[in-house]
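Q: What follows is entry-v2.txt; its format and atoms are compact mmCIF, C-alpha atoms and all ligand atoms.
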# COMPACT_ATOMS: atom_id res chain seq x y z
CA MET I 6 -71.23 70.39 -111.53
CA ILE I 7 -68.99 68.13 -109.46
CA HIS I 8 -69.15 66.32 -106.14
CA ILE I 9 -67.76 68.28 -103.18
CA LYS I 10 -67.06 66.35 -100.01
CA ARG I 11 -68.07 68.11 -96.83
CA THR I 12 -65.51 67.41 -94.16
CA SER I 13 -65.99 67.38 -90.42
CA SER I 14 -63.50 70.22 -90.06
CA THR I 15 -65.56 72.54 -92.23
CA ALA I 16 -68.78 71.54 -90.48
CA LYS I 17 -67.31 72.75 -87.18
CA VAL I 18 -67.77 76.36 -88.18
CA LEU I 19 -71.33 76.44 -86.88
CA THR I 20 -70.36 74.93 -83.56
CA ASP I 21 -66.97 76.37 -82.76
CA LYS I 22 -66.34 79.24 -80.38
CA ARG I 23 -66.63 81.90 -83.07
CA LEU I 24 -70.34 81.22 -83.24
CA LYS I 25 -71.05 80.53 -79.58
CA SER I 26 -74.07 82.28 -78.16
CA THR I 27 -73.20 84.97 -75.64
CA ARG I 28 -76.66 84.83 -74.03
CA ARG I 29 -77.03 81.05 -73.70
CA PRO I 30 -73.66 79.44 -72.91
CA GLY I 31 -73.49 75.93 -74.31
CA LEU I 32 -75.58 76.84 -77.32
CA THR I 33 -74.29 78.11 -80.62
CA ARG I 34 -75.86 81.01 -82.46
CA ALA I 35 -77.03 78.46 -85.02
CA ASP I 36 -78.84 76.45 -82.30
CA LEU I 37 -80.39 79.59 -80.92
CA GLU I 38 -81.55 80.82 -84.31
CA CYS I 39 -83.03 77.40 -85.06
CA GLU I 40 -84.96 77.47 -81.75
CA LYS I 41 -86.29 80.95 -82.48
CA ALA I 42 -87.24 80.05 -86.06
CA ILE I 43 -89.19 77.03 -84.81
CA GLU I 44 -90.99 79.19 -82.24
CA TYR I 45 -91.71 81.88 -84.83
CA TYR I 46 -93.09 79.57 -87.50
CA THR I 47 -95.01 77.24 -85.18
CA VAL I 48 -96.27 79.62 -82.44
CA THR I 49 -95.83 83.35 -83.09
CA LEU I 50 -96.83 83.47 -86.76
CA PRO I 51 -99.84 81.13 -86.51
CA ALA I 52 -101.09 83.17 -83.51
CA GLU I 53 -100.79 86.43 -85.50
CA GLN I 54 -102.50 84.80 -88.48
CA ALA I 55 -105.32 83.55 -86.25
CA LYS I 56 -105.79 87.05 -84.78
CA VAL I 57 -106.05 88.61 -88.24
CA LYS I 58 -108.43 85.89 -89.35
CA ALA I 59 -110.70 86.49 -86.33
CA LYS I 60 -110.64 90.26 -86.85
CA ASN I 61 -111.44 89.83 -90.53
CA ALA I 62 -114.35 87.52 -89.69
CA GLN I 63 -115.69 90.27 -87.40
CA ALA I 64 -115.05 92.93 -90.03
CA ALA I 65 -116.92 90.87 -92.62
CA LEU I 66 -119.94 90.77 -90.29
CA ASN I 67 -119.76 94.45 -89.27
CA GLY I 68 -118.71 95.81 -92.65
CA GLY I 69 -115.28 96.97 -91.40
CA ALA I 70 -112.02 97.11 -93.34
CA LEU I 71 -110.20 93.82 -93.82
CA LEU I 72 -106.63 93.43 -92.55
CA ASP I 73 -103.77 92.02 -94.62
CA SER I 74 -102.20 88.73 -93.55
CA PRO I 75 -99.23 89.33 -91.24
CA LYS I 76 -95.92 89.71 -93.07
CA ILE I 77 -93.63 86.75 -92.63
CA LYS I 78 -90.38 88.20 -91.39
CA PHE I 79 -88.08 85.86 -89.52
CA PRO I 80 -84.58 87.38 -89.49
CA PHE I 81 -82.34 84.46 -90.50
CA SER I 82 -78.76 85.72 -90.22
CA VAL I 83 -76.31 83.05 -89.01
CA TYR I 84 -75.86 81.66 -92.52
CA GLY I 85 -74.44 85.03 -93.59
CA ASP I 86 -71.88 85.20 -90.75
CA GLU I 87 -68.44 86.04 -92.12
CA HIS I 88 -66.95 82.82 -90.67
CA VAL I 89 -69.60 80.68 -92.33
CA VAL I 90 -69.10 82.47 -95.64
CA LYS I 91 -65.33 82.01 -95.37
CA GLU I 92 -65.67 78.27 -94.71
CA LEU I 93 -68.08 77.89 -97.63
CA MET I 94 -65.64 79.74 -99.89
CA THR I 95 -62.91 77.29 -98.89
CA LEU I 96 -65.14 74.24 -99.25
CA PHE I 97 -66.37 75.19 -102.73
CA HIS I 98 -63.01 76.60 -103.88
CA LYS I 99 -64.66 79.99 -104.44
CA LYS I 100 -66.77 78.49 -107.21
CA CYS I 101 -70.53 78.30 -107.55
CA ALA I 102 -71.58 74.87 -106.23
CA TYR I 103 -73.99 74.46 -109.13
CA CYS I 104 -72.53 75.97 -112.31
CA GLU I 105 -68.82 75.93 -111.23
CA SER I 106 -68.26 79.52 -112.35
CA HIS I 107 -65.86 81.93 -110.69
CA PHE I 108 -67.83 85.02 -109.81
CA ARG I 109 -66.29 86.53 -106.70
CA HIS I 110 -64.26 89.06 -108.68
CA VAL I 111 -67.43 90.78 -109.94
CA THR I 112 -70.18 90.09 -107.42
CA PRO I 113 -70.62 89.09 -103.76
CA ALA I 114 -71.29 85.45 -102.95
CA ASP I 115 -74.81 84.23 -102.34
CA ILE I 116 -75.14 81.79 -99.48
CA GLU I 117 -77.74 79.48 -100.85
CA HIS I 118 -80.09 77.27 -98.84
CA PHE I 119 -80.44 73.98 -100.71
CA ARG I 120 -83.81 73.45 -99.05
CA PRO I 121 -85.32 76.97 -99.06
CA LYS I 122 -85.59 78.35 -95.53
CA GLY I 123 -88.50 80.81 -95.82
CA ALA I 124 -90.87 79.45 -98.45
CA VAL I 125 -90.97 76.77 -101.10
CA ILE I 126 -92.61 76.63 -104.52
CA ILE I 127 -95.05 73.76 -104.68
CA ASN I 128 -96.98 73.06 -107.88
CA GLY I 129 -96.12 76.53 -109.15
CA SER I 130 -97.17 78.55 -106.11
CA LEU I 131 -95.08 79.95 -103.28
CA GLU I 132 -95.98 78.28 -100.00
CA HIS I 133 -94.93 79.19 -96.46
CA PRO I 134 -93.16 78.12 -94.44
CA GLY I 135 -90.10 76.62 -96.08
CA TYR I 136 -87.53 74.50 -94.29
CA TYR I 137 -87.27 77.05 -91.45
CA TRP I 138 -85.36 74.65 -89.16
CA LEU I 139 -82.54 74.37 -91.71
CA GLY I 140 -81.74 78.09 -91.94
CA ALA I 141 -78.40 77.58 -90.20
CA ASP I 142 -77.84 73.91 -90.97
CA TRP I 143 -74.34 73.43 -92.36
CA ASP I 144 -75.35 70.66 -94.76
CA ASN I 145 -78.04 72.92 -96.22
CA LEU I 146 -75.68 75.78 -97.07
CA PHE I 147 -73.96 76.18 -100.42
CA LEU I 148 -71.88 78.84 -102.12
CA SER I 149 -73.70 79.99 -105.22
CA CYS I 150 -73.44 82.62 -107.91
CA PRO I 151 -76.42 84.98 -108.07
CA ARG I 152 -77.35 83.59 -111.50
CA CYS I 153 -77.95 80.07 -110.19
CA ASN I 154 -79.41 81.14 -106.87
CA ARG I 155 -81.72 84.01 -107.73
CA LYS I 156 -84.68 84.14 -110.02
CA ASP I 157 -83.58 86.09 -113.10
CA GLN I 158 -84.00 86.38 -116.85
CA LEU I 159 -81.66 83.84 -118.46
CA ASP I 160 -80.33 83.93 -122.00
CA VAL I 161 -81.81 81.22 -124.26
CA PRO I 162 -79.07 79.56 -126.35
CA GLY I 163 -79.11 80.38 -130.02
CA VAL I 164 -81.93 82.95 -129.96
CA GLN I 165 -82.29 86.59 -128.98
CA SER I 166 -84.55 86.07 -126.01
CA THR I 167 -84.57 85.33 -122.32
CA VAL I 168 -86.75 83.28 -120.02
CA SER I 169 -87.16 83.35 -116.27
CA GLY I 170 -84.86 80.91 -114.44
CA GLY I 171 -82.71 80.42 -111.34
CA LYS I 172 -83.30 78.28 -108.27
CA GLY I 173 -84.98 80.79 -105.97
CA ASN I 174 -87.43 78.91 -103.75
CA HIS I 175 -87.63 75.83 -105.93
CA PHE I 176 -87.13 72.45 -104.31
CA PRO I 177 -89.06 69.99 -106.49
CA LEU I 178 -89.82 66.41 -105.49
CA LEU I 179 -90.82 63.40 -107.55
CA ASP I 180 -93.60 62.70 -105.04
CA GLU I 181 -95.06 65.75 -103.28
CA SER I 182 -96.66 63.57 -100.59
CA LYS I 183 -93.17 62.90 -99.19
CA ARG I 184 -92.38 66.58 -98.55
CA VAL I 185 -91.42 67.36 -94.95
CA ARG I 186 -93.15 70.54 -93.79
CA LYS I 187 -92.28 70.49 -90.08
CA HIS I 188 -89.15 70.39 -87.94
CA GLY I 189 -88.23 67.26 -86.01
CA LEU I 190 -89.11 64.81 -88.80
CA SER I 191 -86.70 62.65 -90.76
CA LEU I 192 -85.85 63.79 -94.26
CA ALA I 193 -85.06 60.23 -95.40
CA ASP I 194 -88.28 59.65 -97.37
CA GLU I 195 -88.07 63.09 -98.95
CA GLU I 196 -84.42 62.50 -99.87
CA ALA I 197 -85.47 59.43 -101.84
CA VAL I 198 -87.65 61.57 -104.13
CA ARG I 199 -85.50 64.72 -104.25
CA LEU I 200 -85.26 66.06 -107.80
CA LEU I 201 -82.31 68.43 -107.45
CA LEU I 202 -78.75 67.14 -107.50
CA ASN I 203 -77.02 67.86 -104.21
CA PRO I 204 -73.33 68.37 -105.05
CA CYS I 205 -72.33 67.29 -101.54
CA ILE I 206 -74.30 64.02 -101.65
CA ASP I 207 -74.67 63.01 -105.30
CA ASP I 208 -72.05 62.54 -107.98
CA PRO I 209 -73.18 64.94 -110.71
CA GLU I 210 -70.50 63.62 -113.06
CA ALA I 211 -72.26 60.24 -113.08
CA VAL I 212 -75.42 61.74 -114.59
CA LEU I 213 -74.35 64.75 -116.67
CA ARG I 214 -72.76 64.91 -120.10
CA TYR I 215 -71.62 67.76 -122.32
CA GLU I 216 -71.63 68.45 -126.05
CA ASP I 217 -69.05 70.21 -128.22
CA ASP I 218 -70.95 73.50 -128.06
CA GLY I 219 -70.84 73.49 -124.24
CA SER I 220 -74.42 72.25 -123.82
CA ILE I 221 -75.12 70.20 -120.72
CA LEU I 222 -77.48 67.21 -120.85
CA PRO I 223 -78.42 64.16 -118.78
CA LYS I 224 -76.29 61.13 -119.63
CA ARG I 225 -77.95 58.50 -121.78
CA ARG I 226 -79.50 55.37 -120.27
CA LEU I 227 -80.02 56.68 -116.76
CA ARG I 228 -82.54 55.20 -114.36
CA LYS I 229 -85.75 57.21 -113.96
CA LEU I 230 -84.86 59.10 -110.75
CA ASN I 231 -81.35 59.96 -111.95
CA ARG I 232 -82.67 61.14 -115.31
CA ARG I 233 -85.28 63.32 -113.63
CA ARG I 234 -82.65 64.67 -111.21
CA ALA I 235 -80.26 65.55 -114.01
CA ASP I 236 -83.02 67.11 -116.14
CA THR I 237 -84.53 69.07 -113.25
CA SER I 238 -81.14 70.30 -112.01
CA ILE I 239 -80.13 71.55 -115.46
CA SER I 240 -83.46 73.33 -115.68
CA VAL I 241 -83.81 74.74 -112.13
CA TYR I 242 -80.17 75.82 -111.69
CA GLY I 243 -80.26 77.33 -115.20
CA LEU I 244 -77.22 75.30 -116.30
CA TRP I 245 -78.61 75.42 -119.85
CA GLN I 246 -78.42 79.19 -120.20
CA GLY I 247 -76.69 80.50 -123.31
CA GLU I 248 -73.97 82.66 -121.79
CA LEU I 249 -72.90 79.83 -119.51
CA ARG I 250 -72.93 77.36 -122.38
CA ASP I 251 -70.68 79.70 -124.39
CA LYS I 252 -68.21 80.03 -121.47
CA ARG I 253 -68.05 76.25 -121.17
CA LYS I 254 -67.43 75.95 -124.90
CA GLU I 255 -64.49 78.36 -124.68
CA LEU I 256 -62.86 76.16 -122.08
CA LEU I 257 -63.71 72.98 -123.95
CA ASP I 258 -62.01 74.37 -127.06
CA GLN I 259 -59.01 75.36 -124.96
CA LEU I 260 -58.70 71.83 -123.60
CA LYS I 261 -58.81 70.31 -127.08
CA LEU I 262 -56.24 72.85 -128.28
CA GLU I 263 -53.88 72.14 -125.39
CA LEU I 264 -53.99 68.39 -126.03
CA ILE I 265 -53.21 68.83 -129.73
CA THR I 266 -50.51 71.40 -129.01
CA ILE I 267 -48.80 69.18 -126.44
CA GLU I 268 -48.88 66.26 -128.86
CA ARG I 269 -47.27 68.39 -131.59
CA PHE I 270 -44.55 69.68 -129.31
CA LEU I 271 -43.74 66.15 -128.12
CA ARG I 272 -43.40 64.98 -131.72
CA MET I 273 -41.34 68.00 -132.70
CA ILE I 274 -38.94 67.56 -129.79
CA ASP I 275 -38.56 63.87 -130.69
CA ARG I 276 -37.77 64.82 -134.28
CA MET I 277 -35.27 67.47 -133.15
CA LYS I 278 -33.51 64.94 -130.91
CA SER I 279 -33.36 62.38 -133.74
CA ALA I 280 -32.00 65.02 -136.10
CA GLY I 281 -29.30 65.90 -133.58
CA GLU I 282 -30.38 69.51 -133.20
CA SER I 283 -28.71 71.67 -130.56
CA PRO I 284 -29.67 71.11 -126.90
CA ALA I 285 -30.37 74.84 -126.58
CA ASP I 286 -32.94 74.74 -129.42
CA ILE I 287 -34.52 71.60 -127.99
CA GLN I 288 -34.70 73.22 -124.55
CA THR I 289 -36.47 76.26 -126.02
CA GLU I 290 -39.23 74.02 -127.39
CA GLN I 291 -39.26 72.01 -124.16
CA ASP I 292 -39.87 75.23 -122.19
CA VAL I 293 -42.91 76.02 -124.34
CA LEU I 294 -44.15 72.46 -123.95
CA ASP I 295 -43.77 72.77 -120.17
CA MET I 296 -45.86 75.93 -120.24
CA HIS I 297 -48.63 74.13 -122.10
CA MET I 298 -48.42 71.24 -119.63
CA GLY I 299 -48.78 73.79 -116.81
CA VAL I 300 -51.87 75.28 -118.46
CA LEU I 301 -53.37 71.80 -118.87
CA LYS I 302 -52.73 70.86 -115.24
CA GLY I 303 -54.16 74.19 -114.09
CA MET I 304 -57.39 73.42 -115.91
CA PHE I 305 -57.89 70.39 -113.65
CA GLU I 306 -57.07 72.00 -110.29
CA PRO I 307 -59.91 71.73 -107.73
CA GLY I 308 -60.60 75.47 -107.98
CA ALA I 309 -60.76 75.49 -111.78
CA GLU I 310 -63.99 76.37 -113.55
CA TYR I 311 -66.21 73.76 -115.21
CA LEU I 312 -64.18 70.84 -113.91
CA GLY I 313 -67.09 68.43 -114.39
CA MET I 314 -67.20 69.23 -118.08
CA LEU I 315 -63.42 69.14 -118.52
CA ARG I 316 -63.18 65.73 -116.85
CA TYR I 317 -66.03 64.46 -119.01
CA GLN I 318 -64.22 65.66 -122.13
CA LEU I 319 -60.87 64.26 -121.01
CA ARG I 320 -62.47 60.85 -120.50
CA GLN I 321 -63.70 61.10 -124.08
CA GLU I 322 -60.23 62.11 -125.25
CA LEU I 323 -58.73 59.05 -123.56
CA GLU I 324 -60.73 56.73 -125.79
CA PRO I 325 -58.69 54.76 -128.35
CA GLY I 326 -57.30 56.86 -131.19
CA ARG I 327 -58.15 60.25 -129.66
CA ALA I 328 -55.64 62.94 -128.67
CA GLY I 329 -55.56 61.99 -124.99
CA ASP I 330 -55.07 58.31 -125.80
CA ARG I 331 -52.17 59.14 -128.12
CA LEU I 332 -50.52 61.16 -125.35
CA VAL I 333 -50.94 58.29 -122.88
CA ARG I 334 -49.26 56.00 -125.42
CA VAL I 335 -46.18 58.21 -125.46
CA GLY I 336 -45.95 58.14 -121.68
CA LEU I 337 -48.00 61.14 -120.54
CA ASP I 338 -50.28 59.88 -117.79
CA LEU I 339 -53.31 62.12 -118.26
CA THR I 340 -55.45 59.90 -116.03
CA LYS I 341 -53.80 61.69 -113.07
CA LEU I 342 -55.79 64.77 -114.05
CA LEU I 343 -59.02 62.90 -113.39
CA VAL I 344 -58.24 62.17 -109.74
ZN ZN I 401 -73.79 79.35 -110.63
As structure tokens - that is how I would like this structure written.
Ligand SMILES: [Zn+2]

A:
Amino acid sequence: MIHIKRTSSTAKVLTDKRLKSTRRPGLTRADLECEKAIEYYTVTLPAEQAKVKAKNAQAALNGGALLDSPKIKFPFSVYGDEHVVKELMTLFHKKCAYCESHFRHVTPADIEHFRPKGAVIINGSLEHPGYYWLGADWDNLFLSCPRCNRKDQLDVPGVQSTVSGGKGNHFPLLDESKRVRKHGLSLADEEAVRLLLNPCIDDPEAVLRYEDDGSILPKRRLRKLNRRRADTSISVYGLWQGELRDKRKELLDQLKLELITIERFLRMIDRMKSAGESPADIQTEQDVLDMHMGVLKGMFEPGAEYLGMLRYQLRQELEPGRAGDRLVRVGLDLTKLLV
């Protein structure tokens, strides 16, 4: 996971003319939906619930049939607007905001609400409503792969079994008493106890580390809140799952291989020059070296997968005596890849 900066230009999507309301000039469709959601969750739904409760009280006295609680069915839709989806794809470089996987070539994007809009899991049970006033709030919308966003069976590393995982309606806090359950209130106190890393606010690279097998872990010696955030995010987003770990390992191995290969080509070309070999032969090797350099640079492009892990590994490789450090010593400025 990496930090993604939300810019004012991308935020405009919910307010620009493409999403203006046709019925209420001056309002956007996001404003209108927010108004309706507030009315639904604070007036319409409680009134329906009260009616059912009263009828059931009567039925209990008269021996009549009890009614089910009214179904909660607010039609949030602005977040799925094609313009919003397009802007989120651009912002997140078509990668999942949480696991950094490419997935668009095999499955549609999920537009994920960081704070769940309809319901939220509190102490293990699903409670309504969720953060209904943030259903079309730009800062609450993320591009996510279905694996991170939806509840699903996830592969446990190293064993032939799965366990239930995925973010779903989870939004855990360190202190439940700080949870905001109504619109119009500041989220500042809740933010201070939020247990999920927000890629657009936090710097996940400051708290996450990776091992040679692609495992992801909290960094050592973190303060309590950061440790809990890293731990909880790895758990809730399912960043630990086996198939994802294996994909990260593939890329980690590729990075190590590229660094060693580039080092060998540099040495070989030096030797060839010293030995006075033909310029054509040297150029042939130089062309292959350039291809490897291109592959290495491509691995660190903003849209590349698992950039957080690759940058973590490259920082390790830049330590004295390691492959990256040796390349820096011969004039290859690999630190540019970390910017
Ligand atoms: Zn994901």

Q: Compare I:Arg334, I:Lys99, I:Lys341, I:Arg226 by their minimum atom-to-atom distance to ligand ZN 401 (chain I), counting all atoms listed in the file, and give me the closest one.

A: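 Selected residue with least distance to ligand ZN 401 (chain I): I:Lys99.
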
Q: Just the residues within 10 Å of I:Leu294, please, counting all atoms listed in the file, with nothing from its chain fewer than 6 positions along; format it as number ranges by chain.

A: I: 263, 266-271, 274, 288, 300

Q: Hey, can you spit out that residue selection with C-alpha atoms as a PDB file, in the frame of the given file?

A:
ATOM      1  CA  GLU I 263     -53.880  72.140-125.390  1.00  0.00           C
ATOM      2  CA  THR I 266     -50.510  71.400-129.010  1.00  0.00           C
ATOM      3  CA  ILE I 267     -48.800  69.180-126.440  1.00  0.00           C
ATOM      4  CA  GLU I 268     -48.880  66.260-128.860  1.00  0.00           C
ATOM      5  CA  ARG I 269     -47.270  68.390-131.590  1.00  0.00           C
ATOM      6  CA  PHE I 270     -44.550  69.680-129.310  1.00  0.00           C
ATOM      7  CA  LEU I 271     -43.740  66.150-128.120  1.00  0.00           C
ATOM      8  CA  ILE I 274     -38.940  67.560-129.790  1.00  0.00           C
ATOM      9  CA  GLN I 288     -34.700  73.220-124.550  1.00  0.00           C
ATOM     10  CA  VAL I 300     -51.870  75.280-118.460  1.00  0.00           C
TER      11      VAL I 300
END

Q: Within 9 Å of I:Leu93, counting all atoms listed in the file, which residues show up once you throw out same-chain ones fewer than 6 positions away? Write them as a list in words, please.

A: Thr15, Lys99, Ile116, Leu146, Phe147 and Leu148 of chain I

Q: Suppose we keep C-alpha atoms; can you now write the selection as a compact mmCIF listing (two decimals), keeping the file's coordinate frame?

A:
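Output below, filename again_34.txt:
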# COMPACT_ATOMS: atom_id res chain seq x y z
CA THR I 15 -65.56 72.54 -92.23
CA LYS I 99 -64.66 79.99 -104.44
CA ILE I 116 -75.14 81.79 -99.48
CA LEU I 146 -75.68 75.78 -97.07
CA PHE I 147 -73.96 76.18 -100.42
CA LEU I 148 -71.88 78.84 -102.12

Q: Check every protein, DNA and RNA residue against ligand ZN 401 (chain I), keep those with an atom at most 10 Å away (counting all atoms listed in the file), and present them as a ChimeraX atom specification.

A: /I:6,100-108,115,148-155,171-172,242-244,249

Q: For I:Lys229, work out the shell of residues within 12 Å, counting all atoms listed in the file and skipping chain neighbours fewer than 6 positions away, then give it as a list in words.

A: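 Answer for this query is Leu179, Val198, Leu200, Val212, Pro223, Ala235, Asp236 and Thr237 of chain I.
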
Q: Using all atoms listed in the file, which residues sit within 12 Å of I:Arg316 once same-chain residues fewer than 4 positions away are excluded, as a PDB file with C-alpha atoms, keeping the file's coordinate frame?

A:
ATOM      1  CA  MET I   6     -71.230  70.390-111.530  1.00  0.00           C
ATOM      2  CA  ILE I   7     -68.990  68.130-109.460  1.00  0.00           C
ATOM      3  CA  PRO I 209     -73.180  64.940-110.710  1.00  0.00           C
ATOM      4  CA  GLU I 210     -70.500  63.620-113.060  1.00  0.00           C
ATOM      5  CA  ALA I 211     -72.260  60.240-113.080  1.00  0.00           C
ATOM      6  CA  LEU I 213     -74.350  64.750-116.670  1.00  0.00           C
ATOM      7  CA  ARG I 214     -72.760  64.910-120.100  1.00  0.00           C
ATOM      8  CA  TYR I 215     -71.620  67.760-122.320  1.00  0.00           C
ATOM      9  CA  LEU I 256     -62.860  76.160-122.080  1.00  0.00           C
ATOM     10  CA  LEU I 257     -63.710  72.980-123.950  1.00  0.00           C
ATOM     11  CA  LEU I 260     -58.700  71.830-123.600  1.00  0.00           C
ATOM     12  CA  LEU I 301     -53.370  71.800-118.870  1.00  0.00           C
ATOM     13  CA  LYS I 302     -52.730  70.860-115.240  1.00  0.00           C
ATOM     14  CA  MET I 304     -57.390  73.420-115.910  1.00  0.00           C
ATOM     15  CA  PHE I 305     -57.890  70.390-113.650  1.00  0.00           C
ATOM     16  CA  GLU I 306     -57.070  72.000-110.290  1.00  0.00           C
ATOM     17  CA  PRO I 307     -59.910  71.730-107.730  1.00  0.00           C
ATOM     18  CA  ALA I 309     -60.760  75.490-111.780  1.00  0.00           C
ATOM     19  CA  GLU I 310     -63.990  76.370-113.550  1.00  0.00           C
ATOM     20  CA  TYR I 311     -66.210  73.760-115.210  1.00  0.00           C
ATOM     21  CA  LEU I 312     -64.180  70.840-113.910  1.00  0.00           C
ATOM     22  CA  ARG I 320     -62.470  60.850-120.500  1.00  0.00           C
ATOM     23  CA  GLN I 321     -63.700  61.100-124.080  1.00  0.00           C
ATOM     24  CA  GLU I 322     -60.230  62.110-125.250  1.00  0.00           C
ATOM     25  CA  LEU I 323     -58.730  59.050-123.560  1.00  0.00           C
ATOM     26  CA  GLY I 329     -55.560  61.990-124.990  1.00  0.00           C
ATOM     27  CA  LEU I 339     -53.310  62.120-118.260  1.00  0.00           C
ATOM     28  CA  THR I 340     -55.450  59.900-116.030  1.00  0.00           C
ATOM     29  CA  LYS I 341     -53.800  61.690-113.070  1.00  0.00           C
ATOM     30  CA  LEU I 342     -55.790  64.770-114.050  1.00  0.00           C
ATOM     31  CA  LEU I 343     -59.020  62.900-113.390  1.00  0.00           C
ATOM     32  CA  VAL I 344     -58.240  62.170-109.740  1.00  0.00           C
TER      33      VAL I 344
END

Q: Can you pull out the residues contacting I:Lys60? Cut-off 8 Å, using all atoms listed in the file, and skip same-chain residues under 4 positions away; I want them as a ChimeraX atom specification.

A: /I:56,64,71-72

Q: Suppose you want the space between atom CA of I:Ser238 and atom CA of I:His8; what is it in Å?

A: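 Computing it gives 13.9 Å between the two atoms.
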
Q: Quick one: of I:Glu53, I:Glu255, I:Asp338, I:Asp194, who's nearest to I:Met298, counting all atoms listed in the file?

A: I:Asp338

Q: Select, from I:Ala141, I:Met314, I:Leu190, I:Ile126, the residue with the minimum atom-to-atom distance to I:Asp218, counting only C-alpha atoms.

A: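 Checking each candidate against I:Asp218, we get I:Met314 as the closest.
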
Q: Separation of atom CA of I:Phe176 and atom CA of I:Gly123, in Å?

A: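 Computing it gives 12.0 Å between the two atoms.
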
Q: Using all atoms listed in the file, can you tell me which of I:Gly170, I:Gly140, I:Gly303, I:Pro113 comes closest to I:Ser240?

A: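 The shortest atom-to-atom distance to I:Ser240 comes from I:Gly170.
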
Q: Kindly give the distance, in Å, that separates atom CA of I:Cys205 and atom CA of I:Ile9, rounded to a single decimal.

A: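 Straight-line distance from atom CA of I:Cys205 to atom CA of I:Ile9 works out to 5.0 Å.
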
Q: Counting all atoms listed in the file, which of I:Asp275, I:Lys58, I:His297, I:Leu178 gets nearest to I:Leu262?

A: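 Distance minimum relative to I:Leu262 lands on I:His297.
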
Q: Will you model N, CA and C atoms for stretch 68-83 of chain I and pass it back as a PDB file, in the frame of the given file?

A:
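Saved result, selection36.pdb, follows:
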ATOM      1  N   GLY I  68    -118.993  94.922 -91.510  1.00  0.00           N
ATOM      2  CA  GLY I  68    -118.710  95.810 -92.650  1.00  0.00           C
ATOM      3  C   GLY I  68    -117.458  96.629 -92.483  1.00  0.00           C
ATOM      4  N   GLY I  69    -116.540  96.219 -91.612  1.00  0.00           N
ATOM      5  CA  GLY I  69    -115.280  96.970 -91.400  1.00  0.00           C
ATOM      6  C   GLY I  69    -114.236  96.622 -92.442  1.00  0.00           C
ATOM      7  N   ALA I  70    -113.105  97.346 -92.368  1.00  0.00           N
ATOM      8  CA  ALA I  70    -112.020  97.110 -93.340  1.00  0.00           C
ATOM      9  C   ALA I  70    -111.285  95.814 -93.007  1.00  0.00           C
ATOM     10  N   LEU I  71    -110.913  95.077 -94.033  1.00  0.00           N
ATOM     11  CA  LEU I  71    -110.200  93.820 -93.820  1.00  0.00           C
ATOM     12  C   LEU I  71    -108.703  94.071 -93.653  1.00  0.00           C
ATOM     13  N   LEU I  72    -108.084  93.290 -92.786  1.00  0.00           N
ATOM     14  CA  LEU I  72    -106.630  93.430 -92.550  1.00  0.00           C
ATOM     15  C   LEU I  72    -105.875  92.495 -93.485  1.00  0.00           C
ATOM     16  N   ASP I  73    -104.636  92.912 -93.832  1.00  0.00           N
ATOM     17  CA  ASP I  73    -103.770  92.020 -94.620  1.00  0.00           C
ATOM     18  C   ASP I  73    -103.239  90.910 -93.714  1.00  0.00           C
ATOM     19  N   SER I  74    -102.856  89.794 -94.330  1.00  0.00           N
ATOM     20  CA  SER I  74    -102.200  88.730 -93.550  1.00  0.00           C
ATOM     21  C   SER I  74    -100.897  89.272 -92.988  1.00  0.00           C
ATOM     22  N   PRO I  75    -100.488  88.813 -91.799  1.00  0.00           N
ATOM     23  CA  PRO I  75     -99.230  89.330 -91.240  1.00  0.00           C
ATOM     24  C   PRO I  75     -98.053  88.998 -92.154  1.00  0.00           C
ATOM     25  N   LYS I  76     -97.121  89.947 -92.243  1.00  0.00           N
ATOM     26  CA  LYS I  76     -95.920  89.710 -93.070  1.00  0.00           C
ATOM     27  C   LYS I  76     -95.038  88.670 -92.399  1.00  0.00           C
ATOM     28  N   ILE I  77     -94.507  87.770 -93.198  1.00  0.00           N
ATOM     29  CA  ILE I  77     -93.630  86.750 -92.630  1.00  0.00           C
ATOM     30  C   ILE I  77     -92.226  87.308 -92.626  1.00  0.00           C
ATOM     31  N   LYS I  78     -91.641  87.463 -91.451  1.00  0.00           N
ATOM     32  CA  LYS I  78     -90.380  88.200 -91.390  1.00  0.00           C
ATOM     33  C   LYS I  78     -89.425  87.642 -90.340  1.00  0.00           C
ATOM     34  N   PHE I  79     -89.057  86.387 -90.472  1.00  0.00           N
ATOM     35  CA  PHE I  79     -88.080  85.860 -89.520  1.00  0.00           C
ATOM     36  C   PHE I  79     -86.665  86.250 -89.981  1.00  0.00           C
ATOM     37  N   PRO I  80     -85.897  86.858 -89.073  1.00  0.00           N
ATOM     38  CA  PRO I  80     -84.580  87.380 -89.490  1.00  0.00           C
ATOM     39  C   PRO I  80     -83.468  86.324 -89.452  1.00  0.00           C
ATOM     40  N   PHE I  81     -83.457  85.410 -90.408  1.00  0.00           N
ATOM     41  CA  PHE I  81     -82.340  84.460 -90.500  1.00  0.00           C
ATOM     42  C   PHE I  81     -81.046  85.252 -90.733  1.00  0.00           C
ATOM     43  N   SER I  82     -79.993  84.955 -89.982  1.00  0.00           N
ATOM     44  CA  SER I  82     -78.760  85.720 -90.220  1.00  0.00           C
ATOM     45  C   SER I  82     -77.486  84.902 -90.062  1.00  0.00           C
ATOM     46  N   VAL I  83     -77.548  83.793 -89.303  1.00  0.00           N
ATOM     47  CA  VAL I  83     -76.310  83.050 -89.010  1.00  0.00           C
ATOM     48  C   VAL I  83     -75.638  82.563 -90.303  1.00  0.00           C
TER      49      VAL I  83
END
